[in-house]
Amino acid sequence: MEDIIMSDQKPVILTCAQPTGEMTLGNYIGAVKNWATMQDDNQCYFGIVDMHAITVRRTPAELRKATLSFLAQYLACGLDPEKSALFVQSHVIGHTELAWVLGCMTPLGELQRMTQFKEKASKLGFQVSEDEGSNNDLKFTHESAKPQASVNSGLLYYPVLMAADILLYNADSVPVGEDQRQHLELARDLAERFNNAYSETFMVPDPYIPKVGARVMSLQDPTRKMSKSDENQNGVLYILESPDSLRKKIKSAVTDSGTEIRVADDKPGISNLLTISSALQDIPVQELEERYVGSSYATLKEDVADVVIEALRPVRERYEEIISDKAGLEKILKDGMERAQARAFKVLNKVYRKVGFFERVR
Ligand code: TYM
């Protein structure tokens, strides 16, 4: 076990995001903003998962551009290449290799039952059967909404690759938003399954899900998470968006009936605005509720717009400085790759020995 844990002084943190254009305020509040605070007390690995990104067809030039832009956004949000390894998934040998090994220990039915897979398949016009008695057969009912669409197997395999991302670094903890909880559960199950089959190898990683802001919702439909793939882009805020555009979207956010400003199940719109404000200012929601007694929804929206604009202003300014330095960004990725690969190779070779492969020479 010692050679795997590598006698680290600090706990190891691994987390990643898909390079899909601009980061949303959901990515920022639920994830990246918190990662920045973890860098002093942990050994951090922050990945940009370009392999996950091609489960949806991407234009090659656009994907490369998005990957570099994501790195610049990571840096603008405070991730520091002096302290942490910032790397691109496809650069590091081991992610797909380990995913294959783990996939051979994952029943098909487990993947078919993953919530995100079912959601994505249903967007393509398929329904995945939940019939437990079907012996886990792949049973898609075609709704004929999109006759040309097909569900690629990468989409199904996605959570196994994500488990490999995590286990390849033997991470102690994985900071993510609420939507990744089920994927994290699979990573934990696979770590235990491998350990039971081949003896202690992997840490069983703990999810780290923030108390406030783990699920930032759409401003237009606050029962759904804020997501860049949302058809109604008025509900999605981006960290590089102009102040005018941010304010316009926040002012037209859907609110709830009644006038009270408090967090409640029957007030998803107001709850979301309070959560955003609370997370960005580090002020407890209760304190905000007290502050807004007797205020109008319009006042709350104006204030939230101010808070969001001011929180994102330095991020946008730093991004503008960083993105023009392509050589500097590429150097950071090279350094990050080397640091990530050094750790990944040790874990990968341990896995290779355990399953009966010969060790891979670097
Ligand atoms: P991705 O790229 O969709 O999102 C990156 C991070 O942002 C969080 N997040 C949110 N948090 C709060 N509210 C929201 N509306 C919101 N939207 C996104 C996500 O929870 C995530 O933490 N499968 C992952 C990427 C991945 C990964 C990994 C993560 C691949 N391998 C290994 C951790 C460890 C994803 O698509 O995240």
# chains A, B, ... in the order shown; residues from 1 in each chain; ligands from 1
>>> residues_near_ligand(ligand="ligand 1", cutoff="6 Å", atoms="only C-alpha atoms and all ligand atoms", output="PyMOL selection string")
chain A and resi 15-18+26-27+30-31+49+162+165-166+176-180+213-217+225-227
>>> select_by_dssp(residues="region 2-155 of chain A", states="alpha helix (DSSP H)", output="ChimeraX atom specification")
/A:2-5,25-27,33-36,50-53,60-76,95-103,108-112,115-123,153-155
>>> closest_atom_pairs(of="region 179-293 of chain A", to="region 95-102 of chain A", cutoff="9 Å", atoms="only C-alpha atoms", output="tab-separated table")
residue	atom	partner	partner_atom	distance
A:Leu190	CA	A:Leu102	CA	6.9
A:Ala191	CA	A:Leu102	CA	8.8
A:Phe194	CA	A:Leu102	CA	7.8
>>> residues_around(residues="Asn272 (chain A)", least_positions_apart="6", cutoff="12 Å", atoms="only C-alpha atoms", output="ChimeraX atom specification")
/A:25-26,29,212-226,235,250,253-256,261-266,278-279,285,300-301,304
>>> closest_residue(among="A:Leu240, A:Ala327, A:Leu168, A:Leu246", to="Tyr352 (chain A)", atoms="only C-alpha atoms")
A:Leu168
>>> closest_residue(among="A:Pro19, A:Leu167, A:Val12, A:Gln286", to="Glu192 (chain A)", atoms="only C-alpha atoms")
A:Leu167
>>> closest_residue(among="A:Tyr319, A:Tyr169, A:Tyr208, A:Leu184", to="Gly94 (chain A)", atoms="only C-alpha atoms")
A:Tyr169
>>> select_by_dssp(residues="region 13-238 of chain A", states="strand (DSSP E or B)", output="MDAnalysis selection string")
chainID A and resid 13:17 24 43:48 85:88 126:128 140:142 173:175 206:208 217 225 238
>>> write_last_selection(atoms="N, CA and C atoms", output="short mmCIF file (atom, residue, chain, number, x, y, z; two decimals), in the first residue's frame")
data_model
loop_
_atom_site.label_atom_id
_atom_site.label_comp_id
_atom_site.auth_asym_id
_atom_site.auth_seq_id
_atom_site.Cartn_x
_atom_site.Cartn_y
_atom_site.Cartn_z
N ILE A 13 -6.33 15.68 -3.65
CA ILE A 13 -7.63 16.08 -4.21
C ILE A 13 -7.56 16.00 -5.72
N LEU A 14 -8.57 15.40 -6.30
CA LEU A 14 -8.64 15.34 -7.76
C LEU A 14 -10.03 15.78 -8.15
N THR A 15 -10.09 16.63 -9.14
CA THR A 15 -11.39 16.94 -9.71
C THR A 15 -11.22 17.49 -11.13
N CYS A 16 -12.28 17.47 -11.88
CA CYS A 16 -12.18 17.82 -13.30
C CYS A 16 -13.45 18.52 -13.78
N ALA A 17 -13.32 19.15 -14.95
CA ALA A 17 -14.50 19.71 -15.60
C ALA A 17 -14.35 19.50 -17.10
N THR A 24 -20.15 28.05 -16.52
CA THR A 24 -21.37 28.70 -16.00
C THR A 24 -21.13 29.15 -14.57
N GLN A 43 -2.75 18.34 -1.83
CA GLN A 43 -2.02 18.17 -3.08
C GLN A 43 -3.10 18.02 -4.15
N CYS A 44 -3.22 19.04 -5.01
CA CYS A 44 -4.39 19.08 -5.91
C CYS A 44 -4.05 18.75 -7.36
N TYR A 45 -4.93 17.98 -7.96
CA TYR A 45 -4.86 17.67 -9.40
C TYR A 45 -6.18 18.14 -10.01
N PHE A 46 -6.07 19.12 -10.93
CA PHE A 46 -7.26 19.66 -11.57
C PHE A 46 -7.21 19.33 -13.06
N GLY A 47 -8.14 18.49 -13.50
CA GLY A 47 -8.10 18.04 -14.89
C GLY A 47 -9.12 18.76 -15.77
N ILE A 48 -8.77 18.81 -17.04
CA ILE A 48 -9.72 19.29 -18.05
C ILE A 48 -10.01 18.06 -18.92
N ALA A 85 -1.39 20.72 -9.90
CA ALA A 85 -1.19 20.23 -11.26
C ALA A 85 -2.45 20.50 -12.07
N LEU A 86 -2.30 21.30 -13.13
CA LEU A 86 -3.43 21.58 -14.03
C LEU A 86 -3.14 20.84 -15.33
N PHE A 87 -3.96 19.87 -15.66
CA PHE A 87 -3.60 19.01 -16.79
C PHE A 87 -4.82 18.69 -17.67
N VAL A 88 -4.50 18.23 -18.88
CA VAL A 88 -5.54 17.79 -19.81
C VAL A 88 -5.58 16.26 -19.78
N PHE A 126 -34.57 8.47 -26.83
CA PHE A 126 -34.66 7.08 -26.38
C PHE A 126 -35.11 7.02 -24.93
N GLN A 127 -35.73 5.92 -24.59
CA GLN A 127 -36.00 5.68 -23.18
C GLN A 127 -35.34 4.39 -22.79
N VAL A 128 -34.57 4.43 -21.70
CA VAL A 128 -33.90 3.21 -21.27
C VAL A 128 -34.83 2.47 -20.33
N PHE A 140 -33.77 -0.15 -25.40
CA PHE A 140 -34.11 1.23 -25.72
C PHE A 140 -35.43 1.26 -26.47
N THR A 141 -36.31 2.13 -26.04
CA THR A 141 -37.52 2.34 -26.81
C THR A 141 -37.31 3.62 -27.60
N HIS A 142 -37.41 3.50 -28.89
CA HIS A 142 -37.18 4.67 -29.72
C HIS A 142 -38.46 5.48 -29.81
N SER A 173 -10.16 12.81 -1.77
CA SER A 173 -11.39 13.58 -1.78
C SER A 173 -11.62 14.19 -3.16
N VAL A 174 -12.90 14.30 -3.54
CA VAL A 174 -13.25 14.80 -4.87
C VAL A 174 -14.32 15.89 -4.72
N PRO A 175 -13.91 17.16 -4.85
CA PRO A 175 -14.91 18.23 -4.72
C PRO A 175 -15.72 18.39 -6.00
N ASP A 206 -13.69 10.23 -0.95
CA ASP A 206 -14.86 10.90 -0.36
C ASP A 206 -15.33 12.02 -1.27
N PRO A 207 -16.64 12.12 -1.47
CA PRO A 207 -17.13 13.29 -2.20
C PRO A 207 -17.05 14.51 -1.29
N TYR A 208 -16.74 15.64 -1.84
CA TYR A 208 -16.81 16.89 -1.08
C TYR A 208 -17.81 17.78 -1.82
N MET A 217 -29.46 26.68 -9.88
CA MET A 217 -30.54 26.35 -10.80
C MET A 217 -30.66 27.37 -11.94
N LYS A 225 -31.30 22.29 -13.05
CA LYS A 225 -29.98 22.86 -12.77
C LYS A 225 -29.51 23.78 -13.90
N TYR A 238 -22.86 33.04 -17.39
CA TYR A 238 -21.49 32.58 -17.67
C TYR A 238 -20.49 33.49 -16.96
#
>>> atom_distance(atom1="CA of Ala197 (chain A)", atom2="CA of Cys104 (chain A)")
12.2 Å
>>> closest_residue(among="A:Val347, A:Ala171, A:Val32, A:Val92", to="Asp335 (chain A)", atoms="only C-alpha atoms")
A:Val92
